file input-v8.pdb (PDB, C-alpha atoms and all ligand atoms)
MODEL        1
ATOM      1  CA  MET D 180     -10.679   1.364   9.200  1.00  0.00           C
ATOM      2  CA  PRO D 181      -7.247  -0.285   9.541  1.00  0.00           C
ATOM      3  CA  LEU D 182      -5.450  -0.993   6.248  1.00  0.00           C
ATOM      4  CA  PHE D 183      -3.402  -4.077   5.430  1.00  0.00           C
ATOM      5  CA  VAL D 184      -1.869  -3.402   2.028  1.00  0.00           C
ATOM      6  CA  VAL D 185       0.164  -6.028   0.171  1.00  0.00           C
ATOM      7  CA  ASN D 186       2.297  -4.440  -2.526  1.00  0.00           C
ATOM      8  CA  PHE D 187       3.114  -7.056  -5.178  1.00  0.00           C
ATOM      9  CA  LYS D 188       5.788  -4.759  -6.699  1.00  0.00           C
ATOM     10  CA  THR D 189       7.288  -6.527  -9.735  1.00  0.00           C
ATOM     11  CA  TYR D 190       8.325  -9.686  -7.922  1.00  0.00           C
ATOM     12  CA  GLU D 191       7.915 -12.866  -9.988  1.00  0.00           C
ATOM     13  CA  ASN D 192       5.345 -14.128  -7.462  1.00  0.00           C
ATOM     14  CA  GLY D 193       3.498 -10.834  -7.940  1.00  0.00           C
ATOM     15  CA  THR D 194       3.309 -10.975 -11.712  1.00  0.00           C
ATOM     16  CA  GLY D 195       0.727 -12.382 -14.113  1.00  0.00           C
ATOM     17  CA  LYS D 196      -0.713 -15.831 -13.302  1.00  0.00           C
ATOM     18  CA  LYS D 197       1.348 -16.027 -10.090  1.00  0.00           C
ATOM     19  CA  ALA D 198      -0.096 -12.666  -9.025  1.00  0.00           C
ATOM     20  CA  LEU D 199      -3.594 -14.012  -9.612  1.00  0.00           C
ATOM     21  CA  ARG D 200      -2.823 -17.109  -7.536  1.00  0.00           C
ATOM     22  CA  LEU D 201      -1.433 -14.964  -4.683  1.00  0.00           C
ATOM     23  CA  ALA D 202      -4.320 -12.492  -4.864  1.00  0.00           C
ATOM     24  CA  LYS D 203      -6.777 -15.397  -4.509  1.00  0.00           C
ATOM     25  CA  ILE D 204      -4.876 -16.656  -1.435  1.00  0.00           C
ATOM     26  CA  ILE D 205      -5.083 -13.179   0.110  1.00  0.00           C
ATOM     27  CA  ASP D 206      -8.743 -12.890  -0.897  1.00  0.00           C
ATOM     28  CA  LYS D 207      -9.495 -16.212   0.828  1.00  0.00           C
ATOM     29  CA  ALA D 208      -7.600 -15.178   3.982  1.00  0.00           C
ATOM     30  CA  ALA D 209      -9.522 -11.884   3.959  1.00  0.00           C
ATOM     31  CA  GLN D 210     -12.820 -13.773   4.134  1.00  0.00           C
ATOM     32  CA  ASN D 211     -11.911 -14.705   7.723  1.00  0.00           C
ATOM     33  CA  PHE D 212     -11.737 -11.014   8.568  1.00  0.00           C
ATOM     34  CA  ARG D 213     -14.823  -9.836   6.637  1.00  0.00           C
ATOM     35  CA  ASP D 214     -16.678  -9.218   9.925  1.00  0.00           C
ATOM     36  CA  THR D 215     -13.862  -6.947  11.095  1.00  0.00           C
ATOM     37  CA  ASP D 216     -13.216  -3.433   9.815  1.00  0.00           C
ATOM     38  CA  ILE D 217      -9.803  -4.316   8.353  1.00  0.00           C
ATOM     39  CA  ASP D 218      -9.396  -3.309   4.701  1.00  0.00           C
ATOM     40  CA  ILE D 219      -7.117  -5.867   3.044  1.00  0.00           C
ATOM     41  CA  ILE D 220      -5.811  -4.484  -0.257  1.00  0.00           C
ATOM     42  CA  VAL D 221      -3.448  -5.743  -2.963  1.00  0.00           C
ATOM     43  CA  ALA D 222      -1.381  -3.330  -5.080  1.00  0.00           C
ATOM     44  CA  LEU D 223      -0.741  -4.688  -8.580  1.00  0.00           C
ATOM     45  CA  GLN D 224       1.163  -3.923 -11.742  1.00  0.00           C
ATOM     46  CA  PRO D 225      -1.041  -2.131 -14.322  1.00  0.00           C
ATOM     47  CA  ALA D 226      -1.142  -5.087 -16.723  1.00  0.00           C
ATOM     48  CA  ASP D 227      -2.522  -7.376 -13.985  1.00  0.00           C
ATOM     49  CA  ILE D 228      -5.266  -5.142 -12.584  1.00  0.00           C
ATOM     50  CA  ARG D 229      -8.121  -5.927 -14.976  1.00  0.00           C
ATOM     51  CA  MET D 230      -7.469  -9.675 -14.869  1.00  0.00           C
ATOM     52  CA  ILE D 231      -7.353  -9.820 -11.058  1.00  0.00           C
ATOM     53  CA  ALA D 232      -9.831  -7.128  -9.983  1.00  0.00           C
ATOM     54  CA  GLY D 233     -12.631  -9.131 -11.544  1.00  0.00           C
ATOM     55  CA  LYS D 234     -11.636 -12.347  -9.782  1.00  0.00           C
ATOM     56  CA  VAL D 235     -11.224 -11.242  -6.148  1.00  0.00           C
ATOM     57  CA  SER D 236     -13.485  -9.388  -3.734  1.00  0.00           C
ATOM     58  CA  ILE D 237     -10.702  -7.499  -1.948  1.00  0.00           C
ATOM     59  CA  PRO D 238      -9.847  -4.011  -3.261  1.00  0.00           C
ATOM     60  CA  VAL D 239      -7.106  -3.799  -5.887  1.00  0.00           C
ATOM     61  CA  PHE D 240      -4.862  -0.732  -6.047  1.00  0.00           C
ATOM     62  CA  GLY D 241      -2.359   0.450  -8.620  1.00  0.00           C
ATOM     63  CA  GLN D 242       1.279   0.868  -7.590  1.00  0.00           C
ATOM     64  CA  HIS D 243       1.838   4.170  -9.359  1.00  0.00           C
ATOM     65  CA  ALA D 244       0.133   6.830 -11.467  1.00  0.00           C
ATOM     66  CA  ASP D 245       1.566   9.630 -13.555  1.00  0.00           C
ATOM     67  CA  PRO D 246       0.483  13.302 -13.253  1.00  0.00           C
ATOM     68  CA  ILE D 247      -1.022  13.262 -16.751  1.00  0.00           C
ATOM     69  CA  SER D 248      -4.380  13.479 -18.484  1.00  0.00           C
ATOM     70  CA  PHE D 249      -5.562  11.943 -21.764  1.00  0.00           C
ATOM     71  CA  GLY D 250      -3.099  12.724 -24.552  1.00  0.00           C
ATOM     72  CA  PRO D 251       0.292  11.918 -26.046  1.00  0.00           C
ATOM     73  CA  HIS D 252       2.019  10.464 -22.979  1.00  0.00           C
ATOM     74  CA  THR D 253       3.556   7.217 -24.199  1.00  0.00           C
ATOM     75  CA  GLY D 254       4.002   4.709 -21.410  1.00  0.00           C
ATOM     76  CA  GLY D 255       2.194   6.913 -18.918  1.00  0.00           C
ATOM     77  CA  ILE D 256      -0.211   5.473 -16.342  1.00  0.00           C
ATOM     78  CA  LEU D 257      -3.524   7.353 -16.190  1.00  0.00           C
ATOM     79  CA  LEU D 258      -5.728   7.391 -13.086  1.00  0.00           C
ATOM     80  CA  GLU D 259      -8.666   6.904 -15.478  1.00  0.00           C
ATOM     81  CA  SER D 260      -7.082   3.780 -16.919  1.00  0.00           C
ATOM     82  CA  LEU D 261      -6.434   2.302 -13.468  1.00  0.00           C
ATOM     83  CA  LYS D 262      -9.999   3.024 -12.364  1.00  0.00           C
ATOM     84  CA  GLU D 263     -11.569   1.603 -15.518  1.00  0.00           C
ATOM     85  CA  ALA D 264      -9.452  -1.531 -15.166  1.00  0.00           C
ATOM     86  CA  GLY D 265     -11.028  -2.098 -11.758  1.00  0.00           C
ATOM     87  CA  ALA D 266      -8.532  -0.502  -9.381  1.00  0.00           C
ATOM     88  CA  ARG D 267     -10.188   1.119  -6.357  1.00  0.00           C
ATOM     89  CA  GLY D 268      -7.247   3.339  -5.500  1.00  0.00           C
ATOM     90  CA  VAL D 269      -3.543   3.858  -6.071  1.00  0.00           C
ATOM     91  CA  ILE D 270      -0.251   4.030  -4.196  1.00  0.00           C
ATOM     92  CA  ILE D 271       2.011   6.869  -5.380  1.00  0.00           C
ATOM     93  CA  ASN D 272       5.484   8.159  -4.520  1.00  0.00           C
ATOM     94  CA  HIS D 273       6.724   4.804  -3.348  1.00  0.00           C
ATOM     95  CA  SER D 274      10.486   5.181  -2.744  1.00  0.00           C
ATOM     96  CA  GLU D 275      11.014   2.843  -5.713  1.00  0.00           C
ATOM     97  CA  LYS D 276       8.891   5.105  -7.936  1.00  0.00           C
ATOM     98  CA  GLY D 277       9.294   8.632  -6.526  1.00  0.00           C
ATOM     99  CA  LEU D 278       7.478  11.775  -7.671  1.00  0.00           C
ATOM    100  CA  LYS D 279       8.041  15.481  -7.104  1.00  0.00           C
ATOM    101  CA  LEU D 280       5.730  17.285  -4.659  1.00  0.00           C
ATOM    102  CA  LYS D 281       4.062  19.224  -7.488  1.00  0.00           C
ATOM    103  CA  GLN D 282       3.359  15.948  -9.320  1.00  0.00           C
ATOM    104  CA  ILE D 283       1.903  14.410  -6.161  1.00  0.00           C
ATOM    105  CA  GLU D 284      -0.298  17.481  -5.705  1.00  0.00           C
ATOM    106  CA  LYS D 285      -1.575  17.234  -9.288  1.00  0.00           C
ATOM    107  CA  ILE D 286      -2.430  13.522  -8.905  1.00  0.00           C
ATOM    108  CA  ILE D 287      -4.218  14.038  -5.574  1.00  0.00           C
ATOM    109  CA  LYS D 288      -6.314  16.929  -6.965  1.00  0.00           C
ATOM    110  CA  LYS D 289      -7.339  14.876  -9.991  1.00  0.00           C
ATOM    111  CA  ALA D 290      -7.996  11.713  -7.943  1.00  0.00           C
ATOM    112  CA  LYS D 291     -10.304  13.628  -5.576  1.00  0.00           C
ATOM    113  CA  LYS D 292     -12.461  14.706  -8.549  1.00  0.00           C
ATOM    114  CA  MET D 293     -12.635  11.026  -9.553  1.00  0.00           C
ATOM    115  CA  ASP D 294     -13.392   9.819  -6.031  1.00  0.00           C
ATOM    116  CA  PHE D 295     -10.303   7.622  -6.353  1.00  0.00           C
ATOM    117  CA  PRO D 296      -8.357   7.095  -3.088  1.00  0.00           C
ATOM    118  CA  VAL D 297      -4.645   7.859  -3.075  1.00  0.00           C
ATOM    119  CA  LEU D 298      -2.129   6.408  -0.613  1.00  0.00           C
ATOM    120  CA  VAL D 299       1.042   8.517  -0.751  1.00  0.00           C
ATOM    121  CA  CYS D 300       4.315   7.042   0.491  1.00  0.00           C
ATOM    122  CA  ALA D 301       6.896   9.173   2.278  1.00  0.00           C
ATOM    123  CA  PRO D 302      10.460   8.132   3.139  1.00  0.00           C
ATOM    124  CA  ASP D 303      10.519  10.223   6.299  1.00  0.00           C
ATOM    125  CA  LEU D 304       8.390  12.431   8.559  1.00  0.00           C
ATOM    126  CA  LYS D 305       9.587  15.716   7.021  1.00  0.00           C
ATOM    127  CA  THR D 306       8.360  14.638   3.595  1.00  0.00           C
ATOM    128  CA  GLY D 307       5.236  13.222   5.216  1.00  0.00           C
ATOM    129  CA  GLU D 308       4.396  16.642   6.666  1.00  0.00           C
ATOM    130  CA  LYS D 309       4.717  18.279   3.227  1.00  0.00           C
ATOM    131  CA  ILE D 310       2.489  15.565   1.738  1.00  0.00           C
ATOM    132  CA  LYS D 311      -0.063  15.914   4.561  1.00  0.00           C
ATOM    133  CA  LYS D 312      -0.722  19.516   3.370  1.00  0.00           C
ATOM    134  CA  LEU D 313      -1.887  18.055   0.032  1.00  0.00           C
ATOM    135  CA  GLN D 314      -4.637  16.113   1.865  1.00  0.00           C
ATOM    136  CA  PRO D 315      -4.189  12.615   0.436  1.00  0.00           C
ATOM    137  CA  ASP D 316      -6.516   9.865   1.624  1.00  0.00           C
ATOM    138  CA  PHE D 317      -3.647   7.996   3.273  1.00  0.00           C
ATOM    139  CA  ILE D 318       0.034   8.511   4.014  1.00  0.00           C
ATOM    140  CA  ALA D 319       2.499   5.655   4.488  1.00  0.00           C
ATOM    141  CA  ILE D 320       5.850   6.285   6.140  1.00  0.00           C
ATOM    142  CA  GLU D 321       8.440   3.806   4.836  1.00  0.00           C
ATOM    143  CA  PRO D 322      12.131   4.293   5.665  1.00  0.00           C
ATOM    144  CA  PRO D 323      13.742   3.188   2.364  1.00  0.00           C
ATOM    145  CA  GLU D 324      16.752   1.621   4.065  1.00  0.00           C
ATOM    146  CA  LEU D 325      14.477  -0.925   5.787  1.00  0.00           C
ATOM    147  CA  ILE D 326      12.418  -1.897   2.734  1.00  0.00           C
ATOM    148  CA  GLY D 327      12.838  -5.540   1.795  1.00  0.00           C
ATOM    149  CA  GLY D 328      15.050  -6.192   4.783  1.00  0.00           C
ATOM    150  CA  LYS D 329      14.896  -8.309   7.908  1.00  0.00           C
ATOM    151  CA  LYS D 330      14.571  -5.406  10.353  1.00  0.00           C
ATOM    152  CA  SER D 331      11.119  -3.833  10.545  1.00  0.00           C
ATOM    153  CA  VAL D 332      10.201  -0.186  10.971  1.00  0.00           C
ATOM    154  CA  SER D 333       8.246  -1.247  14.092  1.00  0.00           C
ATOM    155  CA  THR D 334      11.234  -2.716  15.904  1.00  0.00           C
ATOM    156  CA  THR D 335      13.936  -0.313  14.677  1.00  0.00           C
ATOM    157  CA  LYS D 336      12.050   2.991  14.528  1.00  0.00           C
ATOM    158  CA  PRO D 337       9.253   3.004  17.153  1.00  0.00           C
ATOM    159  CA  GLY D 338       9.852   6.688  17.794  1.00  0.00           C
ATOM    160  CA  LEU D 339       9.352   7.513  14.110  1.00  0.00           C
ATOM    161  CA  ILE D 340       5.968   5.762  14.137  1.00  0.00           C
ATOM    162  CA  LYS D 341       4.803   7.481  17.333  1.00  0.00           C
ATOM    163  CA  LYS D 342       5.993  10.928  16.163  1.00  0.00           C
ATOM    164  CA  SER D 343       4.506  10.423  12.694  1.00  0.00           C
ATOM    165  CA  VAL D 344       1.129   9.447  14.164  1.00  0.00           C
ATOM    166  CA  SER D 345       1.124  12.549  16.355  1.00  0.00           C
ATOM    167  CA  LYS D 346       2.101  14.827  13.442  1.00  0.00           C
ATOM    168  CA  LEU D 347       0.268  13.176  10.547  1.00  0.00           C
ATOM    169  CA  GLY D 348      -2.803  11.772  12.272  1.00  0.00           C
ATOM    170  CA  LYS D 349      -4.326   8.428  13.098  1.00  0.00           C
ATOM    171  CA  ASP D 350      -4.795   7.410   9.456  1.00  0.00           C
ATOM    172  CA  LEU D 351      -1.051   6.860   9.156  1.00  0.00           C
ATOM    173  CA  ILE D 352       0.161   3.627   7.582  1.00  0.00           C
ATOM    174  CA  VAL D 353       3.698   2.319   8.098  1.00  0.00           C
ATOM    175  CA  GLY D 354       5.825  -0.124   6.120  1.00  0.00           C
ATOM    176  CA  ALA D 355       9.297  -1.537   5.535  1.00  0.00           C
ATOM    177  CA  GLY D 356      10.597  -4.855   6.738  1.00  0.00           C
ATOM    178  CA  ILE D 357       7.315  -5.868   8.368  1.00  0.00           C
ATOM    179  CA  SER D 358       7.206  -9.647   8.372  1.00  0.00           C
ATOM    180  CA  LYS D 359       5.414 -11.066  11.422  1.00  0.00           C
ATOM    181  CA  PHE D 360       2.751 -10.690  14.105  1.00  0.00           C
ATOM    182  CA  ASP D 361       5.019  -8.723  16.428  1.00  0.00           C
ATOM    183  CA  ASP D 362       5.905  -6.145  13.766  1.00  0.00           C
ATOM    184  CA  VAL D 363       2.227  -5.501  12.977  1.00  0.00           C
ATOM    185  CA  LYS D 364       1.186  -5.494  16.638  1.00  0.00           C
ATOM    186  CA  LYS D 365       3.903  -2.992  17.553  1.00  0.00           C
ATOM    187  CA  ALA D 366       2.969  -0.698  14.633  1.00  0.00           C
ATOM    188  CA  ILE D 367      -0.673  -0.694  15.770  1.00  0.00           C
ATOM    189  CA  ASP D 368       0.254  -0.256  19.441  1.00  0.00           C
ATOM    190  CA  PHE D 369       2.383   2.766  18.451  1.00  0.00           C
ATOM    191  CA  GLY D 370      -0.724   4.261  16.837  1.00  0.00           C
ATOM    192  CA  ALA D 371      -0.447   3.327  13.154  1.00  0.00           C
ATOM    193  CA  ASN D 372      -3.710   2.653  11.305  1.00  0.00           C
ATOM    194  CA  GLY D 373      -2.285  -0.156   9.240  1.00  0.00           C
ATOM    195  CA  VAL D 374       0.688  -1.568   7.425  1.00  0.00           C
ATOM    196  CA  LEU D 375       2.129  -1.727   3.922  1.00  0.00           C
ATOM    197  CA  ILE D 376       3.875  -5.026   3.232  1.00  0.00           C
ATOM    198  CA  SER D 377       5.599  -6.711   0.327  1.00  0.00           C
ATOM    199  CA  ASN D 378       8.439  -9.216   0.602  1.00  0.00           C
ATOM    200  CA  ALA D 379       7.177 -11.124   3.667  1.00  0.00           C
ATOM    201  CA  VAL D 380       3.932 -12.047   1.882  1.00  0.00           C
ATOM    202  CA  VAL D 381       4.744 -11.960  -1.832  1.00  0.00           C
ATOM    203  CA  ASN D 382       7.876 -14.101  -1.486  1.00  0.00           C
ATOM    204  CA  ALA D 383       6.662 -16.325   1.379  1.00  0.00           C
ATOM    205  CA  LYS D 384       6.883 -20.125   0.999  1.00  0.00           C
ATOM    206  CA  ASN D 385       3.415 -20.246   2.574  1.00  0.00           C
ATOM    207  CA  PRO D 386       1.749 -16.815   2.161  1.00  0.00           C
ATOM    208  CA  ASN D 387      -1.412 -18.000   3.876  1.00  0.00           C
ATOM    209  CA  ASN D 388       0.420 -18.779   7.124  1.00  0.00           C
ATOM    210  CA  VAL D 389       2.226 -15.422   7.046  1.00  0.00           C
ATOM    211  CA  LEU D 390      -1.050 -13.608   6.374  1.00  0.00           C
ATOM    212  CA  LYS D 391      -2.899 -15.340   9.214  1.00  0.00           C
ATOM    213  CA  ASP D 392      -0.019 -14.583  11.584  1.00  0.00           C
ATOM    214  CA  MET D 393       0.128 -10.886  10.685  1.00  0.00           C
ATOM    215  CA  LEU D 394      -3.628 -10.298  10.386  1.00  0.00           C
ATOM    216  CA  SER D 395      -4.247 -11.752  13.834  1.00  0.00           C
ATOM    217  CA  ALA D 396      -2.372  -8.749  15.225  1.00  0.00           C
ATOM    218  CA  PHE D 397      -5.303  -6.438  14.390  1.00  0.00           C
TER     219      PHE D 397
HETATM  220  O1  LIG T 401       5.208  -0.954  -0.390  1.00  0.00           O
HETATM  221  C1  LIG T 401       5.605  -1.671   0.725  1.00  0.00           C
HETATM  222  C2  LIG T 401       7.024  -2.008   0.641  1.00  0.00           C
HETATM  223  O2  LIG T 401       7.822  -0.969   0.248  1.00  0.00           O
HETATM  224  C3  LIG T 401       7.550  -2.632   1.906  1.00  0.00           C
HETATM  225  O3  LIG T 401       8.389  -3.605   1.461  1.00  0.00           O
HETATM  226  O4  LIG T 401       9.340  -5.831   1.423  1.00  0.00           O
HETATM  227  O5  LIG T 401       9.861  -4.246   3.313  1.00  0.00           O
HETATM  228  O6  LIG T 401       7.592  -5.282   3.148  1.00  0.00           O
HETATM  229  P1  LIG T 401       8.813  -4.806   2.400  1.00  0.00           P
ENDMDL
END

call {"tool": "encode", "arguments": {"input": "input-v8.pdb", "output": "structure tokens"}}
result
Amino acid sequence: MPLFVVNFKTYENGTGKKALRLAKIIDKAAQNFRDTDIDIIVALQPADIRMIAGKVSIPVFGQHADPISFGPHTGGILLESLKEAGARGVIINHSEKGLKLKQIEKIIKKAKKMDFPVLVCAPDLKTGEKIKKLQPDFIAIEPPELIGGKKSVSTTKPGLIKKSVSKLGKDLIVGAGISKFDDVKKAIDFGANGVLISNAVVNAKNPNNVLKDMLSAF
């Protein structure tokens, strides 16, 4: 099942009422692909999950979780809290919110008991191979230097995608700088099972046009 994950990060367009408006645009665009097997997902800030999860049909993910359980962890983000708010999974170890391997392991173990999918980001293949041993549901390779930029991982690092697919398996997701049909098409042709995107959609003048362009690559 290919994944198309839009990470709202903490961009203004991905926050609060603007996040709801964007999530509804993505939800509407997803309706055109409901007969396909593409899973279109939005990753939201914790405070926006409950408000948005109940208003869209596409899955909502969290952007981070802490390796904690119930207790005195001020400011922590619990998997239980994300799930109860309506999230259907979580991204962890994004390069903008990194975790140690032991913390990632703890979160994955706990999430499995909760039947709560975890997509773990890795900045490179070496880290990806260590994460693979922890058996997450999904791994996303995202070279940090390309994130938010104009050059995509598909056009600048085709070899990384191909090698990562062969080492990490066909469930691999890739991200960083992906902004158009060609970037998505190349990622899929190199064997990736989906893409993780942010800037190109969240900060687009016309997100719907960008979505249609990129989704038509699947
Ligand atoms: O989580 C996806 C993100 O890191 C990729 O960012 O802006 O390069 O699509 P962007």

call {"tool": "closest_residue", "arguments": {"input": "input-v8.pdb", "among": "D:Ser395, D:Pro238, D:Pro323, D:Pro251", "to": "Gly277 (chain D)", "atoms": "only C-alpha atoms"}}
result
D:Pro323

call {"tool": "atom_distance", "arguments": {"input": "input-v8.pdb", "atom1": "CA of Ala355 (chain D)", "atom2": "CA of Lys336 (chain D)"}}
result
10.4 Å

call {"tool": "residues_near_ligand", "arguments": {"input": "input-v8.pdb", "ligand": "ligand LIG 401 (chain T)", "cutoff": "8 Å", "atoms": "all atoms listed in the file", "output": "ChimeraX atom specification"}}
result
/D:184-186,188,273-275,321,323,325-329,331,354-358,375-380

call {"tool": "resolve_selection", "arguments": {"input": "input-v8.pdb", "expression": "the PyMOL selection byres (((chain D and resi 256) around 6) and not hetatm)", "output": "PyMOL selection string"}}
result
chain D and resi 244-245+255+257

call {"tool": "resolve_selection", "arguments": {"input": "input-v8.pdb", "expression": "the PyMOL selection byres (((chain D and resi 343-348) around 9) and not hetatm)", "output": "JSON, numbers by chain"}}
result
{"D": [303, 304, 307, 308, 311, 318, 320, 338, 339, 340, 341, 342, 349, 350, 351, 352, 369, 370, 371, 372]}

call {"tool": "resolve_selection", "arguments": {"input": "input-v8.pdb", "expression": "the PyMOL selection byres (((chain D and resi 316) around 8) and not hetatm)", "output": "PyMOL selection string"}}
result
chain D and resi 296-298+314-315+317-318

call {"tool": "atom_distance", "arguments": {"input": "input-v8.pdb", "atom1": "CA of Lys365 (chain D)", "atom2": "CA of Asp392 (chain D)"}}
result
13.6 Å

call {"tool": "closest_residue", "arguments": {"input": "input-v8.pdb", "among": "D:Lys391, D:Lys359, D:Lys330, D:Lys276", "to": "Pro302 (chain D)", "atoms": "all atoms listed in the file"}}
result
D:Lys276

call {"tool": "closest_residue", "arguments": {"input": "input-v8.pdb", "among": "D:Met293, D:Leu258, D:Met393, D:Ala222", "to": "Gly373 (chain D)", "atoms": "all atoms listed in the file"}}
result
D:Met393

call {"tool": "atom_distance", "arguments": {"input": "input-v8.pdb", "atom1": "CA of Lys289 (chain D)", "atom2": "CA of Leu261 (chain D)"}}
result
13.1 Å

call {"tool": "closest_residue", "arguments": {"input": "input-v8.pdb", "among": "D:Gly241, D:Ile271, D:Thr253, D:Asp361", "to": "Ala396 (chain D)", "atoms": "all atoms listed in the file"}}
result
D:Asp361

call {"tool": "closest_residue", "arguments": {"input": "input-v8.pdb", "among": "D:Pro225, D:Ala319, D:Val353, D:Ile231", "to": "Ile205 (chain D)", "atoms": "all atoms listed in the file"}}
result
D:Ile231

call {"tool": "closest_residue", "arguments": {"input": "input-v8.pdb", "among": "D:Asp362, D:Asp218, D:Glu284, D:Asp227", "to": "Ile310 (chain D)", "atoms": "only C-alpha atoms"}}
result
D:Glu284

call {"tool": "residues_around", "arguments": {"input": "input-v8.pdb", "residues": "Lys292 (chain D)", "least_positions_apart": "6", "cutoff": "12 Å", "atoms": "all atoms listed in the file", "output": "JSON list (two decimals) with C-alpha atoms, in the frame of the given file"}}
result
[["chain", "number", "residue", "atom", "x", "y", "z"],
["D", 258, "LEU", "CA", -5.73, 7.39, -13.09],
["D", 259, "GLU", "CA", -8.67, 6.90, -15.48],
["D", 285, "LYS", "CA", -1.58, 17.23, -9.29],
["D", 286, "ILE", "CA", -2.43, 13.52, -8.90]]
